[in-house]
file my_file36.txt (compact mmCIF, C-alpha atoms)
# COMPACT_ATOMS: atom_id res chain seq x y z
CA MET A 927 -137.00 181.35 10.47
CA GLY A 928 -137.50 184.68 12.20
CA SER A 929 -136.39 185.54 15.70
CA LEU A 930 -138.70 186.28 18.58
CA ARG A 931 -138.28 188.23 21.74
CA MET A 932 -138.60 185.66 24.46
CA THR A 933 -140.77 187.17 27.12
CA ALA A 934 -142.36 185.12 29.89
CA PRO A 935 -145.75 184.87 28.07
CA VAL A 936 -144.04 183.70 24.87
CA LEU A 937 -142.19 181.04 26.83
CA LYS A 938 -145.46 179.90 28.39
CA VAL A 939 -146.99 179.44 24.95
CA ILE A 940 -143.90 177.59 23.73
CA PHE A 941 -143.99 175.29 26.73
CA ALA A 942 -147.66 174.57 26.04
CA LEU A 943 -146.97 173.83 22.38
CA LEU A 944 -143.93 171.68 23.19
CA ALA A 945 -146.00 169.60 25.60
CA GLU A 946 -147.40 168.00 22.47
CA PRO A 947 -145.07 169.07 19.66
CA ASP A 948 -146.82 167.12 16.92
CA GLY A 949 -150.30 167.94 18.11
CA GLU A 950 -152.73 170.59 17.00
CA HIS A 951 -153.74 173.27 19.45
CA TYR A 952 -156.50 175.85 19.42
CA GLY A 953 -156.61 179.23 21.06
CA LEU A 954 -158.95 178.48 23.94
CA GLU A 955 -156.97 175.37 24.88
CA LEU A 956 -153.72 177.37 24.91
CA MET A 957 -155.37 180.07 27.03
CA GLN A 958 -156.30 177.42 29.58
CA ASP A 959 -152.86 175.77 29.46
CA THR A 960 -150.94 178.99 29.84
CA GLY A 961 -153.33 181.08 31.91
CA LEU A 962 -152.84 183.93 29.46
CA PRO A 963 -155.73 186.20 28.50
CA SER A 964 -156.87 186.24 24.87
CA GLY A 965 -155.37 189.68 24.24
CA THR A 966 -151.94 188.33 25.17
CA LEU A 967 -152.19 184.89 23.59
CA TYR A 968 -153.35 185.81 20.09
CA PRO A 969 -150.63 188.41 19.41
CA ILE A 970 -148.08 185.78 20.43
CA LEU A 971 -149.62 183.19 18.11
CA MET A 972 -149.55 185.78 15.34
CA ARG A 973 -145.88 186.47 15.93
CA LEU A 974 -145.05 182.76 16.09
CA ASP A 975 -146.90 182.31 12.81
CA ARG A 976 -145.05 185.18 11.13
CA ALA A 977 -141.73 183.87 12.39
CA GLY A 978 -142.47 180.44 10.93
CA TRP A 979 -142.48 178.67 14.28
CA VAL A 980 -146.09 177.57 13.93
CA THR A 981 -148.44 176.93 11.09
CA SER A 982 -152.21 177.01 11.23
CA ARG A 983 -155.15 175.45 9.45
CA TRP A 984 -158.90 175.71 9.65
CA GLU A 985 -160.92 172.80 10.88
CA GLU A 986 -162.95 171.16 8.09
CA LEU A 987 -166.14 170.07 9.79
CA ASP A 988 -169.73 170.79 8.90
CA PRO A 989 -170.59 173.74 11.17
CA VAL A 990 -174.30 172.91 11.04
CA ALA A 991 -173.76 169.31 12.11
CA GLU A 992 -171.28 170.34 14.80
CA GLY A 993 -173.35 173.25 15.99
CA ARG A 994 -170.36 175.59 16.00
CA PRO A 995 -168.08 177.37 13.50
CA ASN A 996 -164.82 175.76 12.42
CA ARG A 997 -161.87 176.37 14.67
CA ARG A 998 -158.37 177.36 13.76
CA TYR A 999 -155.66 174.92 14.80
CA TYR A 1000 -152.02 175.75 15.40
CA ARG A 1001 -149.12 173.34 15.35
CA LEU A 1002 -145.36 173.76 15.62
CA THR A 1003 -143.43 173.44 12.37
CA ALA A 1004 -140.46 171.09 12.27
CA GLU A 1005 -138.13 174.07 12.41
CA GLY A 1006 -140.30 175.64 15.08
CA VAL A 1007 -139.90 172.57 17.29
CA ALA A 1008 -136.12 172.69 16.93
CA VAL A 1009 -135.84 176.41 17.58
CA ALA A 1010 -138.33 176.33 20.44
CA ARG A 1011 -136.43 173.50 22.12
CA ALA A 1012 -133.18 175.39 21.63
CA GLU A 1013 -134.69 178.48 23.23
CA VAL A 1014 -135.99 176.48 26.17
CA ASP A 1015 -132.61 174.77 26.58
CA ALA A 1016 -130.86 178.11 26.40
CA MET A 1017 -133.13 179.49 29.06
CA ARG A 1018 -132.57 176.48 31.28
CA ALA A 1019 -128.83 176.80 30.84
CA ARG A 1020 -129.02 180.38 32.03
CA MET A 1021 -131.17 179.52 35.02
CA PRO A 1022 -129.74 176.20 36.19
CA THR A 1023 -130.84 176.49 39.77
CA ALA A 1024 -134.33 177.57 38.93
CA SER A 1025 -135.17 175.03 36.26
CA ALA A 1026 -133.11 171.93 36.90
CA PRO A 1027 -135.14 169.29 38.75
CA ARG A 1028 -133.68 168.27 42.07
CA GLU A 1029 -132.48 164.72 42.23
CA ARG A 1030 -133.88 162.63 45.03
CA PRO A 1031 -131.28 161.22 47.37
CA ALA A 1032 -130.83 157.48 46.89
CA MET B 357 -177.14 191.94 26.68
CA ILE B 358 -173.65 190.65 27.54
CA ASP B 359 -173.46 188.65 24.34
CA ARG B 360 -174.36 191.73 22.33
CA LEU B 361 -171.56 193.60 24.10
CA VAL B 362 -169.20 190.70 23.36
CA ARG B 363 -170.13 190.86 19.67
CA VAL B 364 -169.47 194.61 19.56
CA LEU B 365 -166.13 194.21 21.29
CA ILE B 366 -165.09 191.44 18.90
CA GLU B 367 -166.07 193.61 15.93
CA LEU B 368 -164.07 196.50 17.33
CA ALA B 369 -161.06 194.27 17.93
CA ALA B 370 -161.32 192.71 14.47
CA ARG B 371 -160.91 196.14 12.84
CA ARG B 372 -157.46 196.47 14.37
CA TRP B 373 -156.30 192.91 13.81
CA PRO B 374 -155.15 191.49 10.49
CA GLY B 375 -156.45 188.36 8.77
CA GLU B 376 -159.32 186.19 9.85
CA MET B 377 -158.94 186.65 13.57
CA ALA B 378 -162.59 187.56 14.13
CA ARG B 379 -163.68 184.25 12.55
CA GLU B 380 -161.36 182.39 14.88
CA TRP B 381 -162.63 184.27 17.96
CA ARG B 382 -166.26 183.67 17.06
CA ALA B 383 -165.51 179.95 16.82
CA GLU B 384 -163.97 179.99 20.30
CA LEU B 385 -166.86 182.05 21.69
CA ALA B 386 -169.28 179.51 20.27
CA VAL B 387 -167.50 176.80 22.26
CA MET B 388 -167.70 178.99 25.35
CA ARG B 389 -171.45 179.52 25.10
CA ASP B 390 -172.14 177.10 27.95
CA GLN B 391 -169.62 178.81 30.18
CA PRO B 392 -170.43 181.81 32.38
CA ALA B 393 -171.03 184.96 30.34
CA ILE B 394 -168.33 186.79 32.27
CA ARG B 395 -165.71 184.53 30.64
CA ARG B 396 -166.91 185.43 27.17
CA LEU B 397 -166.87 189.08 28.16
CA ARG B 398 -163.36 188.79 29.55
CA PHE B 399 -162.26 187.07 26.33
CA ALA B 400 -163.68 189.91 24.21
CA VAL B 401 -162.51 192.78 26.41
CA SER B 402 -158.97 191.44 26.46
CA LEU B 403 -158.89 191.35 22.65
CA ALA B 404 -160.48 194.78 22.33
CA VAL B 405 -157.90 196.49 24.54
CA SER B 406 -154.86 194.46 23.47
CA PRO B 407 -152.10 196.59 21.89
CA ILE B 408 -151.37 193.80 19.35
CA GLU B 409 -147.87 194.76 18.10
CA ALA B 410 -147.85 198.48 18.68
CA ALA B 411 -145.27 198.40 21.43
CA PRO B 412 -142.70 196.21 19.65
CA ARG B 413 -143.11 198.32 16.52
CA VAL B 414 -142.44 201.55 18.42
CA GLU B 415 -139.51 199.88 20.11
CA ALA B 416 -138.15 198.71 16.75
CA TRP B 417 -138.48 202.22 15.32
CA ALA B 418 -136.73 203.74 18.33
CA ARG B 419 -133.97 201.17 17.99
CA SER B 420 -133.58 201.77 14.24
CA LEU B 421 -133.41 205.52 14.68
CA ALA B 422 -130.95 205.23 17.54
CA GLY B 423 -128.89 202.81 15.46
CA ALA B 424 -128.85 205.17 12.47
CA ALA B 425 -127.96 208.11 14.72
CA GLY B 426 -125.21 206.03 16.30
CA VAL B 427 -123.73 205.16 12.92
CA VAL B 428 -123.73 208.82 11.89
CA LEU B 429 -122.13 209.87 15.20
CA LEU B 430 -119.47 207.19 14.71
CA ALA B 431 -118.90 208.32 11.12
CA GLY B 432 -118.64 211.96 12.23
CA ALA B 433 -116.22 211.09 15.01
CA LEU B 434 -114.02 209.00 12.71
CA ALA B 435 -114.04 211.65 9.99
CA ASN B 436 -112.97 214.22 12.54
CA ALA B 437 -110.32 211.84 13.84
CA ALA B 438 -108.95 211.75 10.30
CA HIS B 439 -108.83 215.56 10.35
CA VAL B 440 -107.04 215.49 13.69
CA ALA B 441 -104.56 212.98 12.29
CA GLN B 442 -104.04 215.34 9.37
CA HIS B 443 -102.98 218.09 11.78
CA ARG B 444 -100.92 215.83 14.02
CA ALA B 445 -99.41 213.20 11.74
CA GLY B 446 -99.71 214.55 8.21
CA PRO B 447 -101.27 212.94 5.13
CA LEU B 448 -100.02 209.43 5.91
CA GLY B 449 -101.54 209.51 9.39
CA SER B 450 -104.81 210.80 7.97
CA ALA B 451 -104.86 208.07 5.31
CA GLY B 452 -104.25 205.48 7.99
CA VAL B 453 -107.19 206.74 10.04
CA TRP B 454 -109.42 206.74 6.97
CA ILE B 455 -108.52 203.13 6.18
CA LEU B 456 -109.06 202.10 9.79
CA SER B 457 -112.39 203.98 9.82
CA VAL B 458 -113.61 202.16 6.72
CA LEU B 459 -112.72 198.82 8.34
CA VAL B 460 -114.45 199.74 11.60
CA VAL B 461 -117.64 200.94 9.90
CA GLY B 462 -117.66 197.88 7.64
CA GLN B 463 -117.44 195.65 10.69
CA VAL B 464 -120.29 197.52 12.37
CA ALA B 465 -122.38 197.11 9.20
CA ARG B 466 -121.87 193.36 9.19
CA ARG B 467 -123.35 193.15 12.67
CA SER B 468 -126.45 195.08 11.72
CA ARG B 469 -129.76 193.32 11.11
CA ALA B 470 -131.74 196.26 9.68
CA SER B 471 -133.00 195.97 6.13
CA VAL B 472 -130.92 197.63 3.42
CA LEU B 473 -133.58 200.18 2.49
CA ALA B 474 -134.49 201.04 6.08
CA ARG B 475 -130.84 201.47 6.86
CA ALA B 476 -130.14 203.81 3.93
CA ALA B 477 -133.19 205.97 4.64
CA GLY B 478 -132.55 206.05 8.39
CA VAL B 479 -128.91 206.96 8.03
CA GLY B 480 -129.84 209.69 5.53
CA ALA B 481 -132.31 211.25 7.97
CA ALA B 482 -129.81 211.04 10.83
CA LEU B 483 -127.09 212.50 8.63
CA PHE B 484 -129.23 215.51 7.80
CA GLY B 485 -129.97 216.14 11.48
CA PHE B 486 -126.33 215.64 12.41
CA LEU B 487 -124.96 218.04 9.81
CA LEU B 488 -127.49 220.75 10.64
CA ALA B 489 -127.32 220.40 14.43
CA GLY B 490 -123.57 219.93 14.42
CA ASN B 491 -122.93 223.02 12.35
CA ARG B 492 -125.41 225.31 14.01
CA VAL B 493 -122.63 227.80 14.73
CA ALA B 494 -121.94 228.83 11.17
CA VAL B 495 -118.36 229.99 11.32
CA MET B 496 -118.07 229.38 7.63
CA PRO B 497 -120.74 230.51 5.19
CA TYR B 498 -122.53 228.09 2.87
CA MET B 499 -123.15 225.45 5.49
CA GLY B 500 -126.85 225.96 6.06
CA TRP B 501 -129.81 223.77 5.22
CA ARG B 502 -129.79 225.00 1.61
CA ASP B 503 -126.38 223.38 1.23
CA VAL B 504 -126.84 220.35 3.43
CA LEU B 505 -130.30 219.41 2.13
CA PRO B 506 -129.42 218.85 -1.56
CA ALA B 507 -126.31 216.91 -0.60
CA VAL B 508 -128.00 214.64 1.93
CA LEU B 509 -131.24 214.25 -0.01
CA GLY B 510 -129.34 213.35 -3.17
CA TRP B 511 -127.12 210.95 -1.25
CA THR B 512 -130.06 209.30 0.50
CA VAL B 513 -132.18 208.79 -2.61
CA LEU B 514 -129.32 207.59 -4.80
CA THR B 515 -127.74 205.42 -2.11
CA THR B 516 -131.08 203.81 -1.24
CA LEU B 517 -131.75 202.91 -4.87
CA PHE B 518 -128.18 201.84 -5.46
CA ALA B 519 -128.11 199.73 -2.29
CA TYR B 520 -131.21 197.94 -3.52
CA VAL B 521 -129.46 197.15 -6.83
CA ILE B 522 -126.29 196.03 -5.07
CA SER B 523 -128.23 193.80 -2.70
CA ARG B 524 -129.45 191.95 -5.81
CA THR B 525 -126.22 191.84 -7.81
CA ARG B 526 -123.71 191.65 -4.92
CA ARG B 527 -120.91 193.04 -7.10
CA ARG B 528 -118.24 194.60 -4.93
CA ALA B 529 -116.43 196.60 -7.66
CA VAL B 530 -119.71 198.10 -8.84
CA ALA B 531 -120.59 198.98 -5.26
CA VAL B 532 -117.30 200.82 -4.75
CA LEU B 533 -117.43 202.72 -8.05
CA GLY B 534 -121.12 203.56 -7.71
CA GLY B 535 -120.68 204.63 -4.10
CA LEU B 536 -117.84 206.98 -5.07
CA LEU B 537 -119.88 208.41 -7.94
CA ILE B 538 -122.82 209.10 -5.61
CA LEU B 539 -120.48 210.82 -3.15
CA ASP B 540 -119.10 212.94 -5.98
CA LEU B 541 -122.62 213.98 -6.98
CA ALA B 542 -123.53 214.69 -3.36
CA ALA B 543 -120.44 216.87 -2.94
CA ILE B 544 -121.43 218.83 -6.03
CA ALA B 545 -125.05 219.19 -4.84
CA GLY B 546 -123.88 220.43 -1.45
CA SER B 547 -121.28 222.86 -2.78
CA VAL B 548 -122.82 224.30 -5.92
CA ARG B 549 -124.36 227.24 -4.05
CA ALA B 550 -121.00 227.98 -2.41
CA ALA B 551 -119.28 227.77 -5.80
CA GLY B 552 -121.69 230.34 -7.24
CA GLY B 553 -121.16 232.72 -4.34
CA LEU B 554 -117.41 232.29 -4.17
CA GLY B 555 -116.80 232.48 -7.89
CA VAL B 556 -115.50 228.93 -8.30
CA SER B 557 -115.93 227.51 -11.79
CA LEU B 558 -118.38 224.61 -12.07
CA SER B 559 -115.95 222.91 -14.45
CA SER B 560 -113.97 221.87 -11.36
CA ALA B 561 -117.06 220.34 -9.70
CA PRO B 562 -116.18 216.65 -10.29
CA ALA B 563 -112.92 217.22 -8.42
CA TRP B 564 -114.53 218.70 -5.28
CA PHE B 565 -115.14 215.35 -3.63
CA PRO B 566 -111.59 213.95 -3.93
CA LEU B 567 -110.06 217.35 -3.16
CA ALA B 568 -112.21 217.67 -0.02
CA LEU B 569 -110.48 214.62 1.43
CA LEU B 570 -106.97 215.93 0.68
CA PRO B 571 -105.04 218.42 2.85
CA GLY B 572 -105.95 222.07 2.36
CA GLY B 573 -103.92 224.14 -0.07
CA THR B 574 -103.50 221.28 -2.54
CA VAL B 575 -105.10 223.28 -5.35
CA THR B 576 -106.50 226.73 -5.94
CA LEU B 577 -109.90 226.75 -7.53
CA GLY B 578 -110.70 230.45 -7.76
CA PRO B 579 -110.36 233.70 -5.84
CA PRO B 580 -108.32 233.74 -2.58
CA GLN B 581 -109.95 231.73 0.24
CA ALA B 582 -112.55 230.32 -2.14
CA SER B 583 -110.92 226.87 -2.32
CA GLU B 584 -110.53 226.65 1.44
CA LEU B 585 -114.14 227.61 2.11
CA LEU B 586 -115.68 225.40 -0.53
CA LEU B 587 -113.53 222.36 0.17
CA ALA B 588 -113.80 222.69 3.97
CA ASN B 589 -117.59 222.70 3.67
CA ALA B 590 -117.54 219.79 1.25
CA SER B 591 -115.21 217.92 3.58
CA ALA B 592 -117.51 218.46 6.56
CA MET B 593 -120.37 216.88 4.64
CA ILE B 594 -118.53 214.29 2.62
CA GLY B 595 -116.32 212.86 5.38
CA PRO B 596 -119.15 211.38 7.48
CA MET B 597 -121.13 210.68 4.31
CA LEU B 598 -118.33 208.53 2.90
CA LEU B 599 -118.35 206.33 5.98
CA CYS B 600 -122.15 206.18 5.90
CA SER B 601 -121.87 204.93 2.30
CA VAL B 602 -119.48 202.23 3.49
CA PHE B 603 -122.01 201.24 6.15
CA VAL B 604 -125.01 201.04 3.82
CA LEU B 605 -123.23 199.36 0.91
CA THR B 606 -121.41 196.81 3.08
CA ARG B 607 -124.79 195.67 4.37
CA ALA B 608 -126.12 195.57 0.80
CA LEU B 609 -123.19 193.40 -0.34
CA GLY B 610 -123.64 190.75 2.33
CA PRO B 611 -126.37 188.96 4.24
CA ALA B 612 -127.78 190.47 7.41
CA ALA B 613 -126.18 189.37 10.63
CA ALA B 614 -127.43 185.97 11.69
CA GLU B 615 -130.69 185.96 13.55
CA HIS B 616 -130.07 185.29 17.18
CA SER B 617 -131.82 183.98 20.14
CA SER B 618 -132.97 186.74 22.41
CA VAL B 619 -134.20 184.94 25.46
CA ARG B 620 -134.41 187.46 28.23
CA THR B 621 -134.49 186.70 31.87
CA LEU B 622 -135.09 189.26 34.54
CA ALA B 623 -131.39 189.38 35.32
CA ARG B 624 -130.57 190.08 31.68
CA VAL B 625 -133.07 192.89 31.47
CA ASP B 626 -131.40 194.45 34.47
CA ALA B 627 -128.00 194.00 32.82
CA ARG B 628 -129.02 195.65 29.59
CA THR B 629 -130.48 198.57 31.54
CA LEU B 630 -127.14 198.92 33.29
CA TRP B 631 -125.38 198.90 29.93
CA GLY B 632 -127.64 201.68 28.70
CA VAL B 633 -127.32 203.83 31.81
CA ALA B 634 -123.53 203.41 31.85
CA ALA B 635 -123.26 204.39 28.18
CA ALA B 636 -125.50 207.41 28.65
CA ILE B 637 -123.46 208.62 31.63
CA ALA B 638 -120.22 208.03 29.72
CA ALA B 639 -121.56 210.04 26.77
CA LEU B 640 -122.63 212.88 29.05
CA ALA B 641 -119.24 212.89 30.76
CA GLY B 642 -117.41 212.73 27.42
CA GLY B 643 -119.42 215.64 26.06
CA GLU B 644 -118.72 217.67 29.18
CA VAL B 645 -114.98 216.98 29.00
CA PHE B 646 -115.03 217.84 25.32
CA ARG B 647 -116.85 221.11 25.98
CA ARG B 648 -114.52 222.18 28.80
CA MET B 649 -111.28 221.33 26.99
CA PRO B 650 -109.08 224.46 26.86
CA VAL B 651 -108.42 226.07 23.51
CA GLY B 652 -104.70 225.40 23.67
CA GLY B 653 -105.11 221.91 25.02
CA PHE B 654 -104.92 220.12 21.75
CA GLU B 655 -103.59 222.69 19.36
CA ALA B 656 -106.02 223.58 16.63
CA THR B 657 -108.02 220.43 16.82
CA TRP B 658 -110.19 219.28 19.73
CA HIS B 659 -111.63 222.57 20.81
CA ARG B 660 -112.11 223.69 17.27
CA LEU B 661 -114.13 220.62 16.52
CA LEU B 662 -116.65 222.11 18.87
CA ASP B 663 -116.81 225.66 17.62
CA ASN B 664 -116.66 224.55 13.99
CA SER B 665 -113.68 226.75 13.19
CA ALA B 666 -111.58 223.84 11.97
CA VAL B 667 -113.71 220.82 11.26
CA PHE B 668 -117.41 220.27 11.61
CA GLY B 669 -120.06 218.09 13.03
CA PHE B 670 -120.26 218.17 16.82
CA GLY B 671 -121.34 221.72 17.56
CA PHE B 672 -124.42 220.36 19.34
CA LEU B 673 -122.22 219.17 22.20
CA ALA B 674 -121.90 222.81 23.24
CA ASP B 675 -125.59 222.78 24.29
CA THR B 676 -127.05 220.86 27.20
CA SER B 677 -129.89 219.57 25.02
CA GLY B 678 -127.40 218.32 22.43
CA ARG B 679 -125.42 216.44 25.07
CA VAL B 680 -128.61 214.96 26.53
CA VAL B 681 -129.80 213.72 23.12
CA THR B 682 -126.35 212.25 22.43
CA ALA B 683 -126.43 210.48 25.80
CA LEU B 684 -129.91 209.14 25.03
CA VAL B 685 -128.76 207.75 21.69
CA ALA B 686 -125.70 206.18 23.32
CA GLY B 687 -127.89 204.65 26.02
CA LEU B 688 -130.36 203.17 23.53
CA ILE B 689 -127.60 201.67 21.41
CA ALA B 690 -125.79 200.22 24.42
CA THR B 691 -129.05 198.75 25.69
CA HIS B 692 -129.61 197.03 22.37
CA LEU B 693 -126.01 195.83 22.18
CA GLY B 694 -126.30 194.62 25.77
CA VAL B 695 -129.13 192.33 24.73
CA ARG B 696 -127.34 191.04 21.66
CA ARG B 697 -124.10 190.42 23.49
CA ARG B 698 -125.91 188.03 25.80
CA ALA B 699 -128.00 186.39 23.10

call {"tool": "encode", "arguments": {"input": "my_file36.txt", "output": "structure tokens"}}
result
Amino acid sequence: MGSLRMTAPVLKVIFALLAEPDGEHYGLELMQDTGLPSGTLYPILMRLDRAGWVTSRWEELDPVAEGRPNRRYYRLTAEGVAVARAEVDAMRARMPTASAPRERPA
Amino acid sequence: MIDRLVRVLIELAARRWPGEMAREWRAELAVMRDQPAIRRLRFAVSLAVSPIEAAPRVEAWARSLAGAAGVVLLAGALANAAHVAQHRAGPLGSAGVWILSVLVVGQVARRSRASVLARAAGVGAALFGFLLAGNRVAVMPYMGWRDVLPAVLGWTVLTTLFAYVISRTRRRAVAVLGGLLILDLAAIAGSVRAAGGLGVSLSSAPAWFPLALLPGGTVTLGPPQASELLLANASAMIGPMLLCSVFVLTRALGPAAAEHSSVRTLARVDARTLWGVAAAIAALAGGEVFRRMPVGGFEATWHRLLDNSAVFGFGFLADTSGRVVTALVAGLIATHLGVRRRA
């Protein structure tokens, strides 16, 4: 499992992936979830893939019937989920006041 | 019109990107066909102008080079400290500093994450620059590029290959014996021209490496002054080289330092910048103090490190550009360490 430099865009992608850790995500969806442009998102996905945090597969539909080419789906690996959660926890621990939700008074 | 432009931009982007990215983008663009054309154009333009991984790669190269330069500077400083100890505390003091130096460099190697081959090649390149720049004032003859190049080139090639073998076999005794043999060969390669000019017999060549680490006057190899000249030159090259061997082979014997989290917040980026600036200023100040130290201030040691009349390696600190480059290297290393310390 490779390491990644945790910049703000990388964290945004990780948050989006962790929102549904077992789910499959495609590029356009992640762009909408994170607000990142394509030129920022895809390099991050490539790095996550190389680091073993995510794996990808091609959709297996009939492009003629669907009227569009097959998409590529990304999903977090089991190790990727663990490491991503650890990174998010580490970040929250460093920024307690910024990330901890305020408790409502009883 | 816009869709044609989008296709061209995607084609251009696909040439720079690995794998099947263009196929993936075309699939997404197909889904976006009902959306405003400006979105498809924005999607394509962003990919066409994206730097992909160029910046991290440049940064990684800069970090590797700074790391290699830092290791060589450390090795040079420790080797010179051993020489100073020789003058101040005799052979036992010098031996103690050598042992301590080996332990320090070994510890530094264990914290490194660079690959074995990249490390050996990088250190070799830095070593060549260090020996040439540091000995620019040639007080002694036979210390030019024609002497340094065979020694460093031989060391780099052999150590790189040997480190690769050791990283597979992980045999400590073989690493030590092989490392010493390579150093012996490097000492011969770097001193053979001096031996020819000074009239020193090549039959004594295998002994040049061990003799270079011993106090001067231990043996006489040829005409008067020949031993001192040849062994002082060999010592200047072999001292830092020995510690560089320790660095490379220690990494080859063990696993790389554990991968670490490197989450960076804005505050941490500021902190690592402070680390780098502080280290650069400290290096500049240290170089200035070193340069201004009076001749009699530390007997025949500190000042003579600088003018190369006693031991070699740091002549570049006499020049402003040399001190600036040293400060830059120190700053880069401290910046990197600043990140890792907080990881």

call {"tool": "residues_around", "arguments": {"input": "my_file36.txt", "residues": "Tyr968 of chain A", "least_positions_apart": "4", "cutoff": "8 Å", "atoms": "all atoms listed in the file", "output": "ChimeraX atom specification"}}
result
/A:953,964,972

call {"tool": "residues_near_point", "arguments": {"input": "my_file36.txt", "point": "(-154.4, 176.3, 16.1)", "cutoff": "8 Å", "atoms": "all atoms listed in the file", "output": "number ranges by chain"}}
result
A: 950-953, 981-984, 997-1001

call {"tool": "interface_residues", "arguments": {"input": "my_file36.txt", "of": "chain A", "to": "chain B", "cutoff": "8 Å", "atoms": "only C-alpha atoms", "output": "MDAnalysis selection string"}}
result
chainID A and resid 928:933 953:954 963:966 969 994:998 1013 1016:1017

call {"tool": "closest_residue", "arguments": {"input": "my_file36.txt", "among": "B:Val428, B:Ala635, B:Ile538, B:Val681", "to": "Val464 of chain B", "atoms": "only C-alpha atoms"}}
result
B:Val428

call {"tool": "atom_distance", "arguments": {"input": "my_file36.txt", "atom1": "atom CA of Gly993 of chain A", "atom2": "atom CA of Val939 of chain A"}}
result
28.5 Å

call {"tool": "residues_around", "arguments": {"input": "my_file36.txt", "residues": "Asp959 of chain A", "least_positions_apart": "6", "cutoff": "12 Å", "atoms": "only C-alpha atoms", "output": "JSON, numbers by chain"}}
result
{"A": [935, 938, 939, 940, 941, 942, 943, 944, 945, 946, 951, 952, 953, 967]}

call {"tool": "atom_distance", "arguments": {"input": "my_file36.txt", "atom1": "atom CA of Ala543 of chain B", "atom2": "atom CA of Ser677 of chain B"}}
result
29.6 Å

call {"tool": "residues_around", "arguments": {"input": "my_file36.txt", "residues": "segment 497-499 of chain B", "least_positions_apart": "6", "cutoff": "8 Å", "atoms": "all atoms listed in the file", "output": "compact mmCIF listing (two decimals) with C-alpha atoms, keeping the file's coordinate frame"}}
result
# COMPACT_ATOMS: atom_id res chain seq x y z
CA ASN B 491 -122.93 223.02 12.35
CA SER B 547 -121.28 222.86 -2.78
CA ARG B 549 -124.36 227.24 -4.05
CA ALA B 550 -121.00 227.98 -2.41
CA LEU B 585 -114.14 227.61 2.11
CA ASN B 589 -117.59 222.70 3.67

call {"tool": "atom_distance", "arguments": {"input": "my_file36.txt", "atom1": "atom CA of Leu688 of chain B", "atom2": "atom CA of Gly632 of chain B"}}
result
6.0 Å

call {"tool": "closest_residue", "arguments": {"input": "my_file36.txt", "among": "B:His439, B:Gly490, B:Gly546, B:Tyr520", "to": "Arg502 of chain B", "atoms": "all atoms listed in the file"}}
result
B:Gly546

call {"tool": "closest_residue", "arguments": {"input": "my_file36.txt", "among": "B:Gly432, B:Gly480, B:Gly535, B:Gly555", "to": "Ser457 of chain B", "atoms": "only C-alpha atoms"}}
result
B:Gly432

call {"tool": "closest_residue", "arguments": {"input": "my_file36.txt", "among": "B:Ala608, B:Leu586, B:Ala568, B:Ala465", "to": "Arg526 of chain B", "atoms": "only C-alpha atoms"}}
result
B:Ala608

call {"tool": "residues_near_point", "arguments": {"input": "my_file36.txt", "point": "(-128.5, 208.4, 4.4)", "cutoff": "10 Å", "atoms": "only C-alpha atoms", "output": "list in words"}}
result
Ala424, Val428, Leu473, Ala474, Arg475, Ala476, Ala477, Gly478, Val479, Gly480, Ala481, Ala482, Leu483, Phe484, Val508, Leu509, Gly510, Trp511, Thr512, Val513, Leu514, Thr515, Thr516, Met597, Cys600, Ser601, Phe603 and Val604 of chain B

call {"tool": "write_last_selection", "arguments": {"input": "my_file36.txt", "atoms": "C-alpha atoms", "output": "short mmCIF file (atom, residue, chain, number, x, y, z; two decimals), keeping the file's coordinate frame"}}
result
data_model
loop_
_atom_site.label_atom_id
_atom_site.label_comp_id
_atom_site.auth_asym_id
_atom_site.auth_seq_id
_atom_site.Cartn_x
_atom_site.Cartn_y
_atom_site.Cartn_z
CA ALA B 424 -128.85 205.17 12.47
CA VAL B 428 -123.73 208.82 11.89
CA LEU B 473 -133.58 200.18 2.49
CA ALA B 474 -134.49 201.04 6.08
CA ARG B 475 -130.84 201.47 6.86
CA ALA B 476 -130.14 203.81 3.93
CA ALA B 477 -133.19 205.97 4.64
CA GLY B 478 -132.55 206.05 8.39
CA VAL B 479 -128.91 206.96 8.03
CA GLY B 480 -129.84 209.69 5.53
CA ALA B 481 -132.31 211.25 7.97
CA ALA B 482 -129.81 211.04 10.83
CA LEU B 483 -127.09 212.50 8.63
CA PHE B 484 -129.23 215.51 7.80
CA VAL B 508 -128.00 214.64 1.93
CA LEU B 509 -131.24 214.25 -0.01
CA GLY B 510 -129.34 213.35 -3.17
CA TRP B 511 -127.12 210.95 -1.25
CA THR B 512 -130.06 209.30 0.50
CA VAL B 513 -132.18 208.79 -2.61
CA LEU B 514 -129.32 207.59 -4.80
CA THR B 515 -127.74 205.42 -2.11
CA THR B 516 -131.08 203.81 -1.24
CA MET B 597 -121.13 210.68 4.31
CA CYS B 600 -122.15 206.18 5.90
CA SER B 601 -121.87 204.93 2.30
CA PHE B 603 -122.01 201.24 6.15
CA VAL B 604 -125.01 201.04 3.82
#

call {"tool": "closest_residue", "arguments": {"input": "my_file36.txt", "among": "B:Ala542, B:Val602, B:Val458, B:Ala451", "to": "Val504 of chain B", "atoms": "all atoms listed in the file"}}
result
B:Ala542

call {"tool": "residues_around", "arguments": {"input": "my_file36.txt", "residues": "Val1014 of chain A", "least_positions_apart": "4", "cutoff": "8 Å", "atoms": "all atoms listed in the file", "output": "list in words"}}
result
Leu937, Ala1010 and Arg1018 of chain A

call {"tool": "decode", "arguments": {"input": "my_file36.txt", "residues": "segment 930-935 of chain A", "atoms": "C-alpha atoms", "output": "CSV table (one decimal), in the first residue's frame"}}
result
chain,number,residue,atom,x,y,z
A,930,LEU,CA,-0.1,9.6,-0.9
A,931,ARG,CA,0.4,13.3,-0.3
A,932,MET,CA,-2.8,14.4,1.3
A,933,THR,CA,-3.7,17.7,-0.3
A,934,ALA,CA,-7.1,19.2,0.0
A,935,PRO,CA,-8.3,17.8,-3.4
